[in-house]
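Below: the structure, in structure tokens.
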Number of protein chains: 2
Amino acid sequence: MTRRPVDLTQLITDRIRDIPDYPKPGVIFKDITPLLADHVAFAAVIDAVVAHYGGRAIDKVAGIEARGFIVAAPVAYQFGAGFVPIRKQGKLPSATYMQNYDLEYGSETIEVHQDAFTPGERVLIVDDVLATGGTARATADLVRRTGAEVVGLSVLMELGFLNGRDRLTDLDLHALVTV
Amino acid sequence: MTRRPVDLTQLITDRIRDIPDYPKPGVIFKDITPLLADHVAFAAVIDAVVAHYGGRAIDKVAGIEARGFIVAAPVAYQFGAGFVPIRKQGKLPSATYMQNYDLEYGSETIEVHQDAFTPGERVLIVDDVLATGGTARATADLVRRTGAEVVGLSVLMELGFLNGRDRLTDLDLHALVTV
């Protein structure tokens with residue numbers, strides 16, 4: 001094991017703040033805002049995602065609303081790729097494809113513009129947290145519905161105990177840290 | 001006038017899509033998703049913001065939910081700055097400062113974590129669109145309430161006919177394009 005991954009894990013986990021009983025009693029929310037606010041840690045996160053997928057050709061990066069945008073957009077810039085927002089229902093103004101799914105605290109619908117991708121484009125999906133995997137599963141399905149190819153799914157933090165990974169076995173899933 | 005700004009303006013305006021009657025009848029929504037999806041235009045936008053404020057010391061970039069994140073986060077990365085999200089009410093898990101304001105289609109409350117900035121930090125605010133200036137005004141006031149300094153406000157597109165600029169005369173406001 002090289003030194004770099006160990007340092008990165010520490011850098012990230014030290015800057016994720018546990019918020020008890022948010023958004024509802026009994027849940028411990030993982031707050032990444034201290035990580036994003038730290039310029040060294042923020043840059044290290046972006047660099048690590050780019051390094052992991054660096055050998056792959058990526059045409060577009062799809063970011064999942066809203067925190068996913070914060071990691072996905074710099075990754076898109078670094079790859080010289082376009083950025084596509086995956087948004088909650090009603091937020092995209094043009095014609096969309098929709099996908100319903102269950103998530104950790106209820107259910108949700110996400111959308112993507114029908115013309116966001118062209119068939120054959122290679123798309124990296126980026127989000128902040130992988131919980132039950134519902135959002136990621138729905139996003140991958142949406143991207144594929146446009147005819148594009150999903151290169152992989154990158155998340156900053158995987159909540160391992162929720163087993164979201166089990167629903168995503170067809171994807172090249174990369175988590176910077178697993179808690 | 002150099003050639004670069006002319007090309008950038010064209011690059012941006014050609015990729016902003018008018019959506020009539022969204023989000024309500026009579027409104028023409030400026031959809032920036034075609035611009036974000038174009039890898040050349042997306043990179044040019046980030047580079048232009050960085051170039052404009054390049055001579056200034058910037059500790060943190062504040063991005064305004066949700067589309068503002070998409071421009072603000074790569075700008076933060078390029079400056080080697082931290083990223084701070086300015087979010088709609090109820091989205092931030094820790095203690096916040098709040099600000100109410102009027103916006104183009106109603107009213108809104110935004111929040112920032114009380115510990116997002118330390119006094120004296122130099123903060124660049126980034127959003128996608130400047131409309132009436134309500135969101136930008138509230139954000140600048142929130143940042144200053146934490147004791148931080150607002151270096152400037154950068155927007156991708158200014159809707160000049162709404163005169164938002166008039167409410168922001170105390171800020172170094174930079175718009176990549178004005179329509």
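FYI, nothing fancy with the structure tokens labels: chains A, B, ... in order, residues from 1 per chain, ligands from 1 as they appear.
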
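The residue set within 12 Å of Gln99 of chain B, counting only C-alpha atoms and dropping same-chain residues fewer than 2 places from it, reads Ile86, Arg87, Lys88, Gln89, Thr96, Tyr97, Tyr101, Asp102, Ser107, Glu108, Thr109, Ile110, Glu111, Val112, His113, Gly134, Thr135, Ala136, Arg137, Ala138, Thr139, Ala140, Asp141, Leu142, Val143, Arg144 and Arg145 of chain B.
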
Backbone-only DSSP, helix (DSSP H, G or I) members of chain A, as a PyMOL selection string: chain A and resi 3-13+33-37+39-53+67-79+134-145+160-162+164-167

Store the residues picked out above in a file with C-alpha atoms, as a PDB file, in the first residue's frame.
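Saved result, part-v3.pdb, follows:
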```pdb
ATOM      1  CA  ARG A   3       1.204   6.335   1.409  1.00  0.00           C
ATOM      2  CA  ARG A   4      -1.188   8.494  -0.631  1.00  0.00           C
ATOM      3  CA  PRO A   5      -4.449   6.563  -0.166  1.00  0.00           C
ATOM      4  CA  VAL A   6      -3.924   6.317   3.595  1.00  0.00           C
ATOM      5  CA  ASP A   7      -3.450  10.075   3.881  1.00  0.00           C
ATOM      6  CA  LEU A   8      -6.442  10.767   1.687  1.00  0.00           C
ATOM      7  CA  THR A   9      -8.708   8.574   3.798  1.00  0.00           C
ATOM      8  CA  GLN A  10      -7.579  10.359   6.932  1.00  0.00           C
ATOM      9  CA  LEU A  11      -7.907  13.759   5.284  1.00  0.00           C
ATOM     10  CA  ILE A  12     -11.494  12.987   4.339  1.00  0.00           C
ATOM     11  CA  THR A  13     -12.717  11.205   7.449  1.00  0.00           C
ATOM     12  CA  THR A  33     -19.269  20.797   4.401  1.00  0.00           C
ATOM     13  CA  PRO A  34     -16.105  20.943   6.588  1.00  0.00           C
ATOM     14  CA  LEU A  35     -14.353  18.804   3.972  1.00  0.00           C
ATOM     15  CA  LEU A  36     -15.439  21.045   1.096  1.00  0.00           C
ATOM     16  CA  ALA A  37     -14.408  24.172   3.009  1.00  0.00           C
ATOM     17  CA  HIS A  39      -8.957  23.823   0.340  1.00  0.00           C
ATOM     18  CA  VAL A  40      -6.391  21.034   0.699  1.00  0.00           C
ATOM     19  CA  ALA A  41      -8.977  18.331   1.283  1.00  0.00           C
ATOM     20  CA  PHE A  42     -11.305  19.622  -1.437  1.00  0.00           C
ATOM     21  CA  ALA A  43      -8.532  19.593  -4.042  1.00  0.00           C
ATOM     22  CA  ALA A  44      -7.382  16.149  -2.883  1.00  0.00           C
ATOM     23  CA  VAL A  45     -10.877  14.743  -3.376  1.00  0.00           C
ATOM     24  CA  ILE A  46     -11.144  16.067  -6.931  1.00  0.00           C
ATOM     25  CA  ASP A  47      -7.624  14.874  -7.778  1.00  0.00           C
ATOM     26  CA  ALA A  48      -8.350  11.394  -6.429  1.00  0.00           C
ATOM     27  CA  VAL A  49     -11.470  10.962  -8.535  1.00  0.00           C
ATOM     28  CA  VAL A  50      -9.623  12.150 -11.636  1.00  0.00           C
ATOM     29  CA  ALA A  51      -6.696   9.835 -10.868  1.00  0.00           C
ATOM     30  CA  HIS A  52      -8.964   6.806 -10.487  1.00  0.00           C
ATOM     31  CA  TYR A  53     -10.699   7.252 -13.843  1.00  0.00           C
ATOM     32  CA  ARG A  67     -24.165  18.136  -3.267  1.00  0.00           C
ATOM     33  CA  GLY A  68     -23.082  15.848  -6.082  1.00  0.00           C
ATOM     34  CA  PHE A  69     -22.668  18.939  -8.276  1.00  0.00           C
ATOM     35  CA  ILE A  70     -19.889  20.189  -5.985  1.00  0.00           C
ATOM     36  CA  VAL A  71     -17.640  17.220  -6.679  1.00  0.00           C
ATOM     37  CA  ALA A  72     -18.863  16.437 -10.202  1.00  0.00           C
ATOM     38  CA  ALA A  73     -18.317  19.886 -11.730  1.00  0.00           C
ATOM     39  CA  PRO A  74     -14.589  20.186 -10.929  1.00  0.00           C
ATOM     40  CA  VAL A  75     -14.098  16.593 -12.067  1.00  0.00           C
ATOM     41  CA  ALA A  76     -15.777  17.469 -15.384  1.00  0.00           C
ATOM     42  CA  TYR A  77     -13.542  20.506 -15.755  1.00  0.00           C
ATOM     43  CA  GLN A  78     -10.410  18.479 -15.031  1.00  0.00           C
ATOM     44  CA  PHE A  79     -11.359  15.840 -17.600  1.00  0.00           C
ATOM     45  CA  GLY A 134     -31.360   4.103  -5.047  1.00  0.00           C
ATOM     46  CA  THR A 135     -30.281   7.438  -6.483  1.00  0.00           C
ATOM     47  CA  ALA A 136     -27.223   5.964  -8.165  1.00  0.00           C
ATOM     48  CA  ARG A 137     -29.224   3.067  -9.647  1.00  0.00           C
ATOM     49  CA  ALA A 138     -31.853   5.451 -11.020  1.00  0.00           C
ATOM     50  CA  THR A 139     -29.179   7.755 -12.434  1.00  0.00           C
ATOM     51  CA  ALA A 140     -27.347   4.958 -14.233  1.00  0.00           C
ATOM     52  CA  ASP A 141     -30.641   3.751 -15.685  1.00  0.00           C
ATOM     53  CA  LEU A 142     -31.520   7.278 -16.840  1.00  0.00           C
ATOM     54  CA  VAL A 143     -28.146   7.790 -18.493  1.00  0.00           C
ATOM     55  CA  ARG A 144     -28.438   4.494 -20.331  1.00  0.00           C
ATOM     56  CA  ARG A 145     -31.964   5.333 -21.460  1.00  0.00           C
ATOM     57  CA  GLY A 160     -21.099   0.448   3.737  1.00  0.00           C
ATOM     58  CA  PHE A 161     -23.664  -0.794   6.242  1.00  0.00           C
ATOM     59  CA  LEU A 162     -26.523   0.121   3.858  1.00  0.00           C
ATOM     60  CA  GLY A 164     -25.991   0.129  -1.702  1.00  0.00           C
ATOM     61  CA  ARG A 165     -23.150  -1.478  -3.627  1.00  0.00           C
ATOM     62  CA  ASP A 166     -25.204  -4.664  -4.024  1.00  0.00           C
ATOM     63  CA  ARG A 167     -27.623  -2.844  -6.368  1.00  0.00           C
TER      64      ARG A 167
END
```

Mind checking which residues fall within 10 Å of Ile19 of chain A, counting only C-alpha atoms, ignoring those fewer than 5 positions away in the same chain, and posting them as a list of chain:residue names? A:Val27, A:Ile28, A:Phe29, A:Lys30, A:Asp31, B:Pro93, B:Ser94

Residues of segment 30-130 of chain B in strand (DSSP E), written as a PyMOL selection string: chain B and resi 30-31+60-64+82-88+96-103+106-113+122-130

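Atom CA of Lys24 of chain A lies 11.6 Å from atom CA of Gly106 of chain A.
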
Ile58 of chain A surroundings by only C-alpha atoms, 7 Å radius, close-in-sequence under 3 positions cut, as number ranges by chain: A: 81, 122-124

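When only C-alpha atoms are used to measure the gap to chain B, the shortest distance among A:Ile32, A:Gly26, A:Ile64, A:Val84 belongs to A:Val84.
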
Find the residue from A:Asp38, A:Asp172, A:Asp127, A:Asp14 that sits nearest to Gly82 of chain B; use only C-alpha atoms when measuring.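 Counting only C-alpha atoms, the residue closest to Gly82 of chain B is A:Asp38.
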